[in-house]
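query.pdb follows (PDB, C-alpha atoms (C1' of nucleotides)):
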```pdb
MODEL        1
ATOM      1  CA  MET A  82      14.027   2.421 -27.035
ATOM      2  CA  SER A  83      13.809  -0.343 -24.452
ATOM      3  CA  ARG A  84      10.740  -2.443 -23.901
ATOM      4  CA  LEU A  85       9.516  -2.416 -20.320
ATOM      5  CA  PRO A  86      10.462  -5.685 -18.547
ATOM      6  CA  ARG A  87       8.329  -7.870 -16.321
ATOM      7  CA  ASN A  88       9.601  -6.333 -13.092
ATOM      8  CA  PHE A  89       8.299  -2.914 -14.126
ATOM      9  CA  TYR A  90       4.735  -4.256 -14.000
ATOM     10  CA  ALA A  91       5.312  -6.323 -10.849
ATOM     11  CA  GLN A  92       5.123  -3.319  -8.540
ATOM     12  CA  HIS A  93       2.174  -1.860  -6.642
ATOM     13  CA  THR A  94      -0.603  -0.835  -9.036
ATOM     14  CA  LEU A  95      -0.404   2.819  -7.947
ATOM     15  CA  GLU A  96       3.360   2.873  -8.472
ATOM     16  CA  VAL A  97       3.061   1.426 -11.975
ATOM     17  CA  ALA A  98       0.303   3.907 -12.803
ATOM     18  CA  THR A  99       2.418   6.968 -12.079
ATOM     19  CA  GLU A 100       5.489   5.499 -13.744
ATOM     20  CA  LEU A 101       3.572   4.772 -16.934
ATOM     21  CA  LEU A 102       3.217   8.503 -17.599
ATOM     22  CA  GLY A 103       5.721   9.371 -20.324
ATOM     23  CA  LYS A 104       6.132   5.746 -21.454
ATOM     24  CA  VAL A 105       5.215   4.870 -25.042
ATOM     25  CA  LEU A 106       2.467   2.436 -26.082
ATOM     26  CA  VAL A 107       3.386   0.651 -29.334
ATOM     27  CA  VAL A 108       1.188  -1.438 -31.645
ATOM     28  CA  TYR A 109       3.073  -2.941 -34.614
ATOM     29  CA  ARG A 110       0.875  -4.658 -37.161
ATOM     30  CA  GLN A 111       1.056  -5.271 -40.905
ATOM     31  CA  GLY A 112       4.363  -3.431 -41.124
ATOM     32  CA  ILE A 113       2.923  -0.273 -39.599
ATOM     33  CA  ARG A 114       4.062   1.084 -36.262
ATOM     34  CA  LEU A 115       1.564   3.071 -34.173
ATOM     35  CA  SER A 116       2.748   4.706 -30.972
ATOM     36  CA  GLY A 117       1.769   7.291 -28.403
ATOM     37  CA  GLU A 118       3.149   8.828 -25.234
ATOM     38  CA  ILE A 119       0.994   7.960 -22.216
ATOM     39  CA  LEU A 120      -0.417  11.135 -20.629
ATOM     40  CA  GLU A 121      -3.346   9.957 -18.492
ATOM     41  CA  VAL A 122      -3.958   6.747 -16.505
ATOM     42  CA  GLU A 123      -6.161   5.344 -13.734
ATOM     43  CA  ALA A 124      -5.328   2.636 -11.204
ATOM     44  CA  TYR A 125      -7.810  -0.117 -10.264
ATOM     45  CA  THR A 126      -7.109  -2.722  -7.589
ATOM     46  CA  GLY A 127      -9.229  -5.401  -5.903
ATOM     47  CA  THR A 128     -11.240  -5.891  -2.746
ATOM     48  CA  ASP A 129     -10.206  -2.447  -1.444
ATOM     49  CA  ASP A 130     -11.539  -0.732  -4.592
ATOM     50  CA  PRO A 131     -15.327  -0.815  -5.198
ATOM     51  CA  ALA A 132     -14.852   0.877  -8.577
ATOM     52  CA  SER A 133     -12.672  -1.945  -9.876
ATOM     53  CA  HIS A 134     -13.969  -4.670 -12.170
ATOM     54  CA  ALA A 135     -12.074  -7.063  -9.869
ATOM     55  CA  PHE A 136     -13.792  -5.877  -6.661
ATOM     56  CA  ARG A 137     -16.121  -8.896  -6.438
ATOM     57  CA  GLY A 138     -13.553 -11.490  -7.451
ATOM     58  CA  PRO A 139     -12.576 -13.137 -10.720
ATOM     59  CA  THR A 140     -15.025 -13.497 -13.629
ATOM     60  CA  PRO A 141     -14.504 -14.481 -17.272
ATOM     61  CA  ARG A 142     -14.129 -10.820 -18.257
ATOM     62  CA  ASN A 143     -11.766  -9.592 -15.550
ATOM     63  CA  GLN A 144      -9.624 -12.737 -15.367
ATOM     64  CA  PRO A 145      -6.586 -10.943 -16.897
ATOM     65  CA  MET A 146      -6.501  -8.610 -13.865
ATOM     66  CA  PHE A 147      -5.634 -11.659 -11.750
ATOM     67  CA  SER A 148      -2.946 -12.938 -14.098
ATOM     68  CA  THR A 149       0.772 -12.257 -14.468
ATOM     69  CA  PRO A 150       1.727  -8.552 -14.421
ATOM     70  CA  GLY A 151       2.501  -7.136 -17.856
ATOM     71  CA  HIS A 152      -0.523  -8.509 -19.687
ATOM     72  CA  THR A 153      -3.223  -6.443 -21.370
ATOM     73  CA  TYR A 154      -6.798  -6.286 -20.113
ATOM     74  CA  VAL A 155      -9.147  -5.003 -22.823
ATOM     75  CA  TYR A 156     -12.874  -4.775 -22.120
ATOM     76  CA  PHE A 157     -15.963  -3.795 -24.112
ATOM     77  CA  THR A 158     -18.448  -1.380 -22.545
ATOM     78  CA  TYR A 159     -21.488   0.788 -23.266
ATOM     79  CA  GLY A 160     -22.299  -1.564 -26.151
ATOM     80  CA  MET A 161     -19.805   0.132 -28.431
ATOM     81  CA  HIS A 162     -16.487   1.034 -26.810
ATOM     82  CA  HIS A 163     -13.260  -0.728 -25.874
ATOM     83  CA  CYS A 164     -10.750   0.324 -23.185
ATOM     84  CA  VAL A 165      -7.228  -0.992 -22.632
ATOM     85  CA  ASN A 166      -5.519  -1.659 -19.299
ATOM     86  CA  VAL A 167      -2.081  -2.873 -18.250
ATOM     87  CA  VAL A 168      -2.123  -5.600 -15.598
ATOM     88  CA  ALA A 169       0.035  -4.449 -12.677
ATOM     89  CA  HIS A 170       0.359  -5.639  -9.086
ATOM     90  CA  ASP A 171       3.056  -6.621  -6.609
ATOM     91  CA  ASN A 172       1.312  -9.602  -5.019
ATOM     92  CA  ASN A 173      -0.983 -12.140  -6.618
ATOM     93  CA  GLY A 174      -3.266  -9.401  -7.860
ATOM     94  CA  PRO A 175      -5.668  -8.253  -8.922
ATOM     95  CA  GLY A 176      -4.688  -4.887 -10.320
ATOM     96  CA  ALA A 177      -4.625  -2.965 -13.587
ATOM     97  CA  VAL A 178      -3.922   0.499 -14.968
ATOM     98  CA  LEU A 179      -6.392   1.977 -17.466
ATOM     99  CA  ILE A 180      -4.701   3.969 -20.229
ATOM    100  CA  ARG A 181      -6.943   6.993 -20.701
ATOM    101  CA  ALA A 182      -4.973   9.216 -23.070
ATOM    102  CA  VAL A 183      -1.804   9.266 -25.147
ATOM    103  CA  ARG A 184      -0.069  11.821 -27.371
ATOM    104  CA  PRO A 185       0.146  10.359 -30.883
ATOM    105  CA  LEU A 186       3.747   9.872 -32.041
ATOM    106  CA  GLU A 187       3.762   7.444 -35.000
ATOM    107  CA  GLY A 188       1.056   6.395 -37.446
ATOM    108  CA  LEU A 189      -0.999   9.570 -37.234
ATOM    109  CA  ASP A 190      -2.464   9.165 -40.728
ATOM    110  CA  LEU A 191      -3.894   5.738 -39.938
ATOM    111  CA  MET A 192      -5.110   6.917 -36.551
ATOM    112  CA  GLN A 193      -6.906   9.845 -38.140
ATOM    113  CA  THR A 194      -8.571   7.600 -40.716
ATOM    114  CA  ARG A 195      -9.814   5.257 -37.986
ATOM    115  CA  ARG A 196     -11.006   8.257 -35.970
ATOM    116  CA  LYS A 197     -13.144   9.525 -38.844
ATOM    117  CA  ASN A 198     -10.824  12.428 -39.655
ATOM    118  CA  LYS A 199     -11.143  14.052 -36.266
ATOM    119  CA  PRO A 200      -8.516  16.745 -35.551
ATOM    120  CA  PHE A 201      -5.185  15.505 -34.168
ATOM    121  CA  SER A 202      -6.041  16.775 -30.693
ATOM    122  CA  GLN A 203      -8.972  14.354 -30.527
ATOM    123  CA  LEU A 204      -7.396  11.198 -31.933
ATOM    124  CA  THR A 205      -6.374   9.548 -28.658
ATOM    125  CA  ASN A 206      -7.591  11.825 -25.830
ATOM    126  CA  GLY A 207      -9.914   9.256 -24.253
ATOM    127  CA  PRO A 208      -9.747   5.550 -23.324
ATOM    128  CA  ALA A 209     -12.136   4.383 -26.051
ATOM    129  CA  LYS A 210     -10.785   6.879 -28.572
ATOM    130  CA  LEU A 211      -7.260   5.532 -28.313
ATOM    131  CA  CYS A 212      -8.550   1.984 -28.728
ATOM    132  CA  GLN A 213     -10.227   3.096 -31.954
ATOM    133  CA  ALA A 214      -7.029   4.754 -33.161
ATOM    134  CA  PHE A 215      -4.829   1.758 -32.252
ATOM    135  CA  GLN A 216      -7.602  -0.690 -33.266
ATOM    136  CA  LEU A 217      -7.557  -2.618 -29.991
ATOM    137  CA  ASP A 218     -10.516  -4.847 -29.070
ATOM    138  CA  ARG A 219     -11.376  -7.939 -27.053
ATOM    139  CA  GLN A 220      -9.100 -10.031 -29.269
ATOM    140  CA  ASP A 221      -6.250  -8.095 -27.678
ATOM    141  CA  THR A 222      -7.028  -8.903 -24.055
ATOM    142  CA  ASN A 223      -4.571 -10.972 -21.992
ATOM    143  CA  ILE A 224      -1.656 -10.360 -24.401
ATOM    144  CA  ASP A 225       1.788 -10.380 -22.792
ATOM    145  CA  LEU A 226       3.363  -6.941 -23.286
ATOM    146  CA  VAL A 227       6.761  -8.368 -22.321
ATOM    147  CA  THR A 228       6.910 -10.950 -25.115
ATOM    148  CA  SER A 229       4.347  -9.947 -27.765
ATOM    149  CA  ASP A 230       5.626  -8.946 -31.214
ATOM    150  CA  GLU A 231       2.526  -6.807 -31.779
ATOM    151  CA  ILE A 232       1.894  -4.832 -28.574
ATOM    152  CA  TRP A 233       4.315  -3.530 -25.965
ATOM    153  CA  ILE A 234       5.342  -0.435 -23.975
ATOM    154  CA  GLU A 235       8.706   1.316 -24.355
ATOM    155  CA  ASP A 236      10.774   3.561 -22.123
ATOM    156  CA  GLN A 237      12.136   6.262 -24.396
ATOM    157  CA  GLY A 238      13.766   8.141 -21.538
ATOM    158  CA  LYS A 239      10.956  10.631 -20.928
ATOM    159  CA  ARG A 240      10.536  11.668 -17.295
ATOM    160  CA  PHE A 241       8.076  13.993 -15.618
ATOM    161  CA  LEU A 242       8.774  15.909 -12.441
ATOM    162  CA  PRO A 243       6.261  15.577  -9.571
ATOM    163  CA  GLU A 244       5.061  19.126 -10.226
ATOM    164  CA  GLU A 245       4.302  18.209 -13.843
ATOM    165  CA  MET A 246       1.825  15.513 -12.733
ATOM    166  CA  LYS A 247      -1.446  15.581 -10.805
ATOM    167  CA  ALA A 248      -3.659  13.034  -9.001
ATOM    168  CA  THR A 249      -7.466  13.380  -9.180
ATOM    169  CA  PRO A 250     -10.574  11.237  -8.655
ATOM    170  CA  ARG A 251     -11.222   8.743 -11.424
ATOM    171  CA  ILE A 252     -13.608   9.506 -14.296
ATOM    172  CA  GLY A 253     -16.952   7.861 -14.998
ATOM    173  CA  ILE A 254     -17.261   5.810 -11.811
ATOM    174  CA  SER A 255     -20.080   5.891  -9.236
ATOM    175  CA  THR A 256     -18.166   4.741  -6.135
ATOM    176  CA  ALA A 257     -14.807   5.299  -4.444
ATOM    177  CA  MET A 258     -14.730   8.906  -5.578
ATOM    178  CA  GLU A 259     -12.504   9.700  -2.596
ATOM    179  CA  LYS A 260      -9.598   7.769  -4.094
ATOM    180  CA  GLU A 261      -7.406  10.050  -6.216
ATOM    181  CA  TRP A 262      -6.129   7.304  -8.475
ATOM    182  CA  ARG A 263      -6.276   9.145 -11.804
ATOM    183  CA  PHE A 264      -2.901  10.509 -12.787
ATOM    184  CA  ILE A 265      -2.455  13.110 -15.510
ATOM    185  CA  VAL A 266       0.367  15.098 -17.068
ATOM    186  CA  LEU A 267      -0.360  18.796 -16.721
TER     187      LEU A 267
ATOM    188  C1'  DT B   2     -28.137  16.744 -21.329
ATOM    189  C1'  DG B   3     -29.275  12.567 -23.247
ATOM    190  C1'  DA B   4     -29.077   8.938 -26.867
ATOM    191  C1'  DA B   5     -26.607   5.095 -28.671
ATOM    192  C1'  DT B   6     -26.092   0.073 -27.966
ATOM    193  C1'  DG B   7     -25.137  -4.682 -26.115
ATOM    194  C1'  DA B   8     -22.027  -7.306 -22.969
ATOM    195  C1'  DT B   9     -21.674  -8.482 -18.243
ATOM    196  C1'  DC B  10     -22.955 -10.058 -13.771
ATOM    197  C1'  DA B  11     -25.729 -10.685  -9.613
ATOM    198  C1'  DC B  12     -29.747 -12.738  -8.315
ATOM    199  C1'  DG B  13     -32.517 -16.522  -7.532
TER     200       DG B  13
ATOM    201  C1'  DG C 212     -33.671 -16.021 -17.686
ATOM    202  C1'  DT C 213     -33.970 -11.052 -16.379
ATOM    203  C1'  DG C 214     -32.775  -6.333 -15.374
ATOM    204  C1'  DA C 215     -29.689  -2.778 -13.786
ATOM    205  C1'  DT C 216     -25.467  -1.088 -14.731
ATOM    206  C1'  DC C 217     -21.767   0.450 -17.386
ATOM    207  C1'  DA C 218     -13.634   2.600 -16.091
ATOM    208  C1'  DT C 219     -17.592   6.371 -23.010
ATOM    209  C1'  DT C 220     -18.379   9.227 -26.893
ATOM    210  C1'  DC C 221     -20.840  12.338 -29.635
ATOM    211  C1'  DA C 222     -24.474  15.279 -31.194
ATOM    212  C1'  DT C 223     -28.013  18.384 -29.591
TER     213       DT C 223
ENDMDL
END
```
Spit out the file's structure as structure tokens when you get a sec.
Amino acid sequence: MSRLPRNFYAQHTLEVATELLGKVLVVYRQGIRLSGEILEVEAYTGTDDPASHAFRGPTPRNQPMFSTPGHTYVYFTYGMHHCVNVVAHDNNGPGAVLIRAVRPLEGLDLMQTRRKNKPFSQLTNGPAKLCQAFQLDRQDTNIDLVTSDEIWIEDQGKRFLPEEMKATPRIGISTAMEKEWRFIVL
DNA sequence: TGAATGATCACG
DNA sequence: GTGATCATTCAT
């Protein structure tokens, strides 16, 4: 159960994205540990990526994407949903990896309550759904996953073979559909 | 297939 | 200040 170190996040955004599959997102609050195995991610970079929030340069919202690798970037969208990213880049940024789905491991009862008693298969199978289950919002943006005592990512030794993973176009975007920067576990 | 629902940002 | 857009979810 080792927490991912800074140098894990300080690699190319695409590299971090694929390596995050199988890692475990942990939120520890009020004595309760919530966790889930990451099964789906998307990479977003900068001026080479029109679909990225950082494409047109830094703004108050996307500022975490330009900061030190290993921070969170949580944004609010569609007037009702939150999504959580991991800041990752090997230069001075920007770059982040959107966590789109996890497999619940710990804290399923609390997750199910927060998800309005949806079946287990639908607790964390979407970027805004998992933020509901883990109760992540804008207060949780720009948190350092390397040093925080509330949010971090662990390597529990899980590895996927190349044939167990797949790259596809990203979901819900209107540009850069040719980039296959969504990575899923089959 | 479309409604919900409001922050964000480019523009001027 | 205004309007188009939005890295989504859910019910119809």
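Candidate residues A:Ala169, A:Ala209, A:Val183, A:Leu102 were compared for distance to chain C, and the nearest is A:Ala209, using only C-alpha atoms (C1' of nucleotides).
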Radius query 7 Å about (-7.9, -5.3, -5.5), atoms used: only C-alpha atoms (C1' of nucleotides), as a PyMOL selection string: chain A and resi 126-130+135-136+174-176
At most 9 Å to chain A: residues in chain B, only C-alpha atoms (C1' of nucleotides), as a PyMOL selection string: chain B and resi 5-10
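Every residue that the PyMOL selection byres ((chain A and resi 247) around 8) selects in this file is listed here: Pro243, Glu244, Glu245, Met246, Ala248, Thr249, Phe264, Ile265, Val266 and Leu267 of chain A.
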At a cut-off of 7 Å, list the chain C residues touching chain A, using all atoms listed in the file, as an MDAnalysis selection string. chainID C and resid 217:219
Distance query 9 Å from (4.8, -6.7, -21.9) using only C-alpha atoms (C1' of nucleotides), result as a list of chain:residue names: A:Arg84, A:Leu85, A:Pro86, A:Arg87, A:Tyr90, A:Pro150, A:Gly151, A:His152, A:Thr153, A:Val167, A:Ile224, A:Asp225, A:Leu226, A:Val227, A:Thr228, A:Ser229, A:Ile232, A:Trp233, A:Ile234
Using Å and a single decimal, report how far atom C1' of DT220 of chain C sits from atom CA of Val97 of chain A.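 A separation of 27.3 Å between them.
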Could you state the separation of atom C1' of DT216 of chain C and atom C1' of DA11 of chain B in Å, given to one decimal place?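 Taking atom C1' of DT216 of chain C as the start and atom C1' of DA11 of chain B as the end point, the length is 10.9 Å.
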Work out how far atom CA of Tyr154 of chain A is from atom CA of Val168 of chain A, in Å to one decimal.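 We find that atom CA of Val168 of chain A and atom CA of Tyr154 of chain A lie 6.5 Å from each other.
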Just the residues within 12 Å of DA222 of chain C, please, counting all atoms listed in the file, with nothing from its chain fewer than 5 positions along; format it as a PyMOL selection string. chain B and resi 2-5
Please write the residues picked by the PyMOL selection byres ((chain C and resi 213) around 12) on this file as a ChimeraX atom specification. /B:10-13 /C:212,214-215
